[in-house]
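Note sheet for the following structure.
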Amino acid sequence: MTEPLLVIRDLETHFDTRQGTVKAVNGVSLEVSRGEVLGLVGESGSGKSITGFSILGLLDPPGRIASGSIRFKGEELVGASQERMRRLRGKDIAMIFQDPMMTLNPVLRIDTQIIEAIQVHDKVSHKAAHARAAEALRRVGIPSPEERLKAYPHQFSGGMRQRVAIAIALLHSPALVIADEPTTALDVTIQAQIIHEMQKLCAESGTALIWITHDLAVIDSMGDRVAVMYAGRIVETGAVRDVIAAPAHPYTRGLIDSVPSRNHRGQRLAQIPGMAPSPLNLPQGCAFNPRCTFADAACQVVPDETDLDNERNGRRVRCFHPIRLAQETVS
């Protein structure tokens with residue numbers, strides 16, 4: 001059996017503050033196969049972005065990986081030198097940020113930035129790098145790429161800047177791309193175009209994709225598998241079609257019911273009661289238990305992640321009372 005491209009085991013990422021230790025990522029385990037699109041979903045503050053930054057070694061103090069393992073192509077990244085991580089970033093693992101201006105320098109022309117990104121990893125001439133830069137813009141649907149290379153970031157719209165950021169991320173055909181809510185700030189039409197471009201480019205190159213988002217509708221349209229994250233932990237994983245059709249964790253059910261399109265006209269929008277807990281003051285046991293309708297005394301202990309109904313389809317849930325089992329008991 002082929003080893004997954006990325007294997008994360010029991011990852012703990014902490015931030016030491018004056019108020020205490022923030023466990024932003026609290027025992028996360030994930031696998032991503034080559035060419036797979038994995039959706040990492042959850043509310044703001046659930047630890048999704050910090051998981052992505054941990055993979056790339058982009059944690060600034062006081063952030064640190066306290067324990068756990070991140071293996072990429074069999075190589076352990078936890079504890080790897082900064083020089084090794086710099087060689088991996090951009091070439092083998094790339095990241096697309098929510099704000100493209102985190103990628104683009106506002107005072108440099110687009111051609112300067114893309115050519116520099118090429119020559120950091122590949123020893124090619126300026127002419128060859130320029131040709132690759134133009135082709136990269138063409139691949140993501142930017143018209144007249146030779147002319148647009150001479151422009152500055154402020155001369156592009158938000159959607160076009162994000163396309164440039166995607167082009168830079170895909171320059172070296174990385175094995176893994178981490179996309180951190182790259183379409184959140186864009187209008188629906190541009191969002192759909194960028195999602196389509198990402199799907200097409202990943203299918204053509206065989207690149208694996210971790211798409212970080214709070215929008216389950218996006219994952220429903222493009223993902224292979226989904227991992228639902230809450231308060232620093234993965235609470236449910238499985239094939240997108242299975243999780244959307246029959247969510248097992250009450251939190252996943254709440255996220256799906258909160259999508260406005262699933263509500264009937266004239267009815268109040270569904271919502272999950274309460275608020276996500278502060279990572280500085282997590283409730284005892286299951287972090288979701290204060291908001292959960294199935295919670296009981298057993299939930300005062302953190303549940304293990306288990307195979308759902310002993311099935312062999314990759315469905316796993318971290319819950320003492322999976323919804324399907326609870327419904328079967330009632331009936």
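Ordering of the structure tokens sets the chain letters (A, B, ...), residue numbers begin anew at 1 in every chain, and ligands are numbered from 1 in the order given.
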(Q) At a cut-off of 6 Å, using only C-alpha atoms, what residues contact His214 of chain A? Leave out same-chain residues fewer than 3 positions from it and give the result as a VMD selection string. (A) chain A and resid 41 to 43
Q.
Need to verify the contact set: segment 67-77 of chain A, 12 Å, only C-alpha atoms, exclusion of same-chain residues closer than 5 positions in sequence. Can you return it as number ranges by chain?
A. A: 2-14, 23, 25-34, 51-58, 82-86, 88-89, 92-93, 175-176, 208
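The residues of segment 121-259 of chain A that DSSP assigns to strand (DSSP E or B) on this backbone come out as Leu176, Val177, Ile178, Ala179, Asp180, Ala208, Leu209, Ile210, Trp211, Ile212, Thr213, Arg225, Val226, Ala227, Val228, Met229, Tyr230, Arg233, Ile234, Val235, Glu236, Thr237, Gly238 and Ala239 of chain A.
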Store the residues of this selection in a file with N, CA and C atoms, as a short mmCIF file (atom, residue, chain, number, x, y, z; two decimals), in the first residue's frame.
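Contents of selection-v6.cif, freshly written:
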```
data_model
loop_
_atom_site.label_atom_id
_atom_site.label_comp_id
_atom_site.auth_asym_id
_atom_site.auth_seq_id
_atom_site.Cartn_x
_atom_site.Cartn_y
_atom_site.Cartn_z
N LEU A 176 2.11 19.38 -2.71
CA LEU A 176 1.03 19.74 -1.79
C LEU A 176 0.84 21.25 -1.79
N VAL A 177 -0.43 21.67 -1.89
CA VAL A 177 -0.78 23.08 -1.76
C VAL A 177 -1.74 23.22 -0.59
N ILE A 178 -1.46 24.18 0.30
CA ILE A 178 -2.35 24.50 1.41
C ILE A 178 -3.01 25.83 1.09
N ALA A 179 -4.32 25.82 0.90
CA ALA A 179 -5.07 27.03 0.54
C ALA A 179 -5.87 27.48 1.76
N ASP A 180 -5.46 28.61 2.33
CA ASP A 180 -6.08 29.11 3.57
C ASP A 180 -7.18 30.11 3.25
N ALA A 208 -1.74 17.49 -4.47
CA ALA A 208 -2.69 17.35 -3.37
C ALA A 208 -3.02 18.74 -2.83
N LEU A 209 -4.25 18.88 -2.32
CA LEU A 209 -4.71 20.19 -1.89
C LEU A 209 -5.41 20.09 -0.54
N ILE A 210 -4.97 20.91 0.42
CA ILE A 210 -5.71 21.09 1.68
C ILE A 210 -6.40 22.43 1.58
N TRP A 211 -7.72 22.42 1.53
CA TRP A 211 -8.50 23.65 1.37
C TRP A 211 -9.12 24.00 2.73
N ILE A 212 -8.58 25.04 3.35
CA ILE A 212 -9.03 25.47 4.67
C ILE A 212 -10.18 26.46 4.49
N THR A 213 -11.32 26.20 5.13
CA THR A 213 -12.47 27.06 4.95
C THR A 213 -13.46 26.87 6.09
N ARG A 225 -12.28 14.42 0.48
CA ARG A 225 -12.55 14.12 1.89
C ARG A 225 -12.64 15.41 2.66
N VAL A 226 -13.25 15.33 3.84
CA VAL A 226 -13.40 16.50 4.70
C VAL A 226 -13.01 16.13 6.12
N ALA A 227 -12.33 17.07 6.80
CA ALA A 227 -12.02 16.92 8.21
C ALA A 227 -12.62 18.13 8.92
N VAL A 228 -13.50 17.87 9.89
CA VAL A 228 -14.19 18.93 10.62
C VAL A 228 -13.43 19.19 11.92
N MET A 229 -13.09 20.46 12.17
CA MET A 229 -12.24 20.82 13.30
C MET A 229 -13.01 21.70 14.27
N TYR A 230 -12.83 21.43 15.56
CA TYR A 230 -13.48 22.24 16.59
C TYR A 230 -12.55 22.35 17.80
N ARG A 233 -9.30 20.36 17.74
CA ARG A 233 -9.32 18.91 17.51
C ARG A 233 -10.13 18.58 16.26
N ILE A 234 -9.75 17.49 15.58
CA ILE A 234 -10.55 16.95 14.49
C ILE A 234 -11.68 16.13 15.12
N VAL A 235 -12.93 16.49 14.81
CA VAL A 235 -14.06 15.79 15.42
C VAL A 235 -14.73 14.81 14.46
N GLU A 236 -14.50 14.99 13.16
CA GLU A 236 -15.08 14.04 12.20
C GLU A 236 -14.32 14.10 10.90
N THR A 237 -14.08 12.95 10.29
CA THR A 237 -13.46 12.87 8.97
C THR A 237 -14.20 11.84 8.14
N GLY A 238 -14.11 12.00 6.83
CA GLY A 238 -14.75 11.04 5.93
C GLY A 238 -14.85 11.61 4.53
N ALA A 239 -15.36 10.78 3.62
CA ALA A 239 -15.61 11.25 2.26
C ALA A 239 -16.64 12.37 2.31
#
```
Using only C-alpha atoms, tabulate the residues of segment 177-233 of chain A lying at most 10 Å from any atom of segment 126-142 of chain A, each with its closest atom pair and that distance in Å to one decimal, by chain and increasing residue number, as CSV.
```
residue,atom,partner,partner_atom,distance
A:Gln193,CA,A:Gly141,CA,9.2
A:Ile194,CA,A:Val140,CA,8.2
A:His196,CA,A:Val140,CA,9.9
A:Glu197,CA,A:Val140,CA,6.4
A:Met198,CA,A:Val140,CA,8.3
A:Lys200,CA,A:Val140,CA,9.7
A:Leu201,CA,A:Arg139,CA,8.1
```
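Backbone DSSP of segment 12-60 of chain A yields alpha helix (DSSP H) at Lys48, Ser49, Ile50, Thr51, Gly52, Phe53, Ser54, Ile55 and Leu56 of chain A.
For the atom pair formed by atom CA of Glu116 of chain A and atom CA of Ser49 of chain A, the distance is 26.1 Å, given to one decimal.
For the pair atom CA of Ile323 of chain A and atom CA of His249 of chain A, the separation is 6.1 Å.
Excluding Arg253 of chain A and any residue on its chain fewer than 4 positions from it, the residues at most 12 Å away by only C-alpha atoms are Gly42, Leu216, Val228, Val235, Glu236, Val243, Ile244, Ala245, Ala246, Pro247, Ala248, His249, Asp257, Ser258, Val259, Arg262, Ala270, Gln271, Ile272, Cys292, Thr293, Pro322, Ile323 and Arg324 of chain A.
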Could you save the residues just selected, with N, CA and C atoms, as an mmCIF file, in the first residue's frame?
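Generated output (selection02.cif):
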```
data_model
loop_
_atom_site.group_PDB
_atom_site.id
_atom_site.type_symbol
_atom_site.label_atom_id
_atom_site.label_comp_id
_atom_site.auth_asym_id
_atom_site.auth_seq_id
_atom_site.Cartn_x
_atom_site.Cartn_y
_atom_site.Cartn_z
ATOM 1 N N GLY A 42 -14.382 24.405 9.775
ATOM 2 C CA GLY A 42 -14.708 24.702 11.163
ATOM 3 C C GLY A 42 -14.867 26.197 11.343
ATOM 4 N N LEU A 216 -18.819 24.910 4.190
ATOM 5 C CA LEU A 216 -19.002 23.518 3.772
ATOM 6 C C LEU A 216 -19.484 23.410 2.330
ATOM 7 N N VAL A 228 -13.497 17.866 9.889
ATOM 8 C CA VAL A 228 -14.187 18.930 10.620
ATOM 9 C C VAL A 228 -13.427 19.191 11.915
ATOM 10 N N VAL A 235 -12.929 16.492 14.814
ATOM 11 C CA VAL A 235 -14.060 15.788 15.423
ATOM 12 C C VAL A 235 -14.726 14.811 14.461
ATOM 13 N N GLU A 236 -14.503 14.986 13.158
ATOM 14 C CA GLU A 236 -15.083 14.040 12.201
ATOM 15 C C GLU A 236 -14.315 14.103 10.895
ATOM 16 N N VAL A 243 -20.140 12.560 4.610
ATOM 17 C CA VAL A 243 -20.275 13.468 5.748
ATOM 18 C C VAL A 243 -21.403 14.460 5.516
ATOM 19 N N ILE A 244 -21.524 14.994 4.308
ATOM 20 C CA ILE A 244 -22.592 15.951 4.013
ATOM 21 C C ILE A 244 -23.953 15.272 4.071
ATOM 22 N N ALA A 245 -24.049 14.054 3.550
ATOM 23 C CA ALA A 245 -25.334 13.352 3.510
ATOM 24 C C ALA A 245 -25.771 12.862 4.881
ATOM 25 N N ALA A 246 -24.824 12.422 5.710
ATOM 26 C CA ALA A 246 -25.176 11.856 7.017
ATOM 27 C C ALA A 246 -24.100 12.187 8.039
ATOM 28 N N PRO A 247 -24.044 13.445 8.502
ATOM 29 C CA PRO A 247 -23.031 13.821 9.496
ATOM 30 C C PRO A 247 -23.219 13.044 10.786
ATOM 31 N N ALA A 248 -22.098 12.633 11.380
ATOM 32 C CA ALA A 248 -22.169 11.841 12.608
ATOM 33 C C ALA A 248 -21.972 12.688 13.856
ATOM 34 N N HIS A 249 -21.138 13.715 13.771
ATOM 35 C CA HIS A 249 -20.879 14.540 14.954
ATOM 36 C C HIS A 249 -21.914 15.659 15.043
ATOM 37 N N ASP A 257 -26.606 22.503 9.014
ATOM 38 C CA ASP A 257 -27.919 23.129 9.186
ATOM 39 C C ASP A 257 -27.841 24.646 9.162
ATOM 40 N N SER A 258 -26.669 25.210 9.440
ATOM 41 C CA SER A 258 -26.512 26.659 9.471
ATOM 42 C C SER A 258 -26.371 27.278 8.087
ATOM 43 N N VAL A 259 -26.189 26.453 7.055
ATOM 44 C CA VAL A 259 -26.074 26.979 5.692
ATOM 45 C C VAL A 259 -27.426 27.565 5.284
ATOM 46 N N ARG A 262 -30.172 25.818 3.101
ATOM 47 C CA ARG A 262 -30.888 24.641 3.585
ATOM 48 C C ARG A 262 -32.135 25.019 4.389
ATOM 49 N N ALA A 270 -31.174 28.488 11.055
ATOM 50 C CA ALA A 270 -30.690 27.580 12.105
ATOM 51 C C ALA A 270 -29.323 28.043 12.586
ATOM 52 N N GLN A 271 -29.041 27.822 13.845
ATOM 53 C CA GLN A 271 -27.733 28.191 14.381
ATOM 54 C C GLN A 271 -27.335 27.238 15.504
ATOM 55 N N ILE A 272 -26.037 27.134 15.718
ATOM 56 C CA ILE A 272 -25.531 26.333 16.825
ATOM 57 C C ILE A 272 -25.620 27.194 18.078
ATOM 58 N N CYS A 292 -24.006 21.017 22.972
ATOM 59 C CA CYS A 292 -24.491 19.794 22.327
ATOM 60 C C CYS A 292 -25.770 19.280 22.977
ATOM 61 N N THR A 293 -26.751 18.929 22.154
ATOM 62 C CA THR A 293 -28.016 18.413 22.671
ATOM 63 C C THR A 293 -27.919 16.960 23.126
ATOM 64 N N PRO A 322 -22.479 9.484 18.553
ATOM 65 C CA PRO A 322 -22.660 9.857 17.148
ATOM 66 C C PRO A 322 -24.144 9.946 16.801
ATOM 67 N N ILE A 323 -24.497 10.874 15.959
ATOM 68 C CA ILE A 323 -25.908 11.151 15.677
ATOM 69 C C ILE A 323 -26.639 9.919 15.183
ATOM 70 N N ARG A 324 -26.027 9.154 14.279
ATOM 71 C CA ARG A 324 -26.721 8.005 13.719
ATOM 72 C C ARG A 324 -27.029 6.969 14.794
#
```
Q) Hey, which of A:Gly266, A:Gly274, A:Gly45, A:Pro61 ends up closest to Gly254 of chain A? Count only C-alpha atoms. A) A:Gly274
(Q) Using only C-alpha atoms, which protein or nucleic acid residues come within 9 Å of His154 of chain A? Drop anything in the same chain fewer than 4 positions from it, and give the result as a list in words. (A) Pro106, Gly158 and Arg161 of chain A
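Considering the residues A:Gly35, A:Pro279, A:Pro290, A:Gly79 and counting only C-alpha atoms, Pro174 of chain A has its shortest atom-to-atom contact with A:Gly35.
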Q) For Ala151 of chain A, which residue among A:Leu171, A:Leu38, A:Val107, A:Ala192 is the nearest when counting only C-alpha atoms? A) A:Val107
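We find atom CA of Asp242 of chain A and atom CA of Asp187 of chain A to be spaced 28.4 Å apart.
Ranking A:Ala287, A:Leu108, A:Arg87, A:Gly314 by their shortest atom-to-atom distance to Val301 of chain A, with only C-alpha atoms included, puts A:Ala287 first.
Ranking A:Val240, A:Ile114, A:Leu255, A:Ala203 by their shortest atom-to-atom distance to Asp224 of chain A, with only C-alpha atoms included, puts A:Val240 first.
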Q. For Ser173 of chain A, which residue out of A:Met101, A:Met222, A:Ile118, A:Met160 is the nearest one, using only C-alpha atoms?
A. A:Ile118
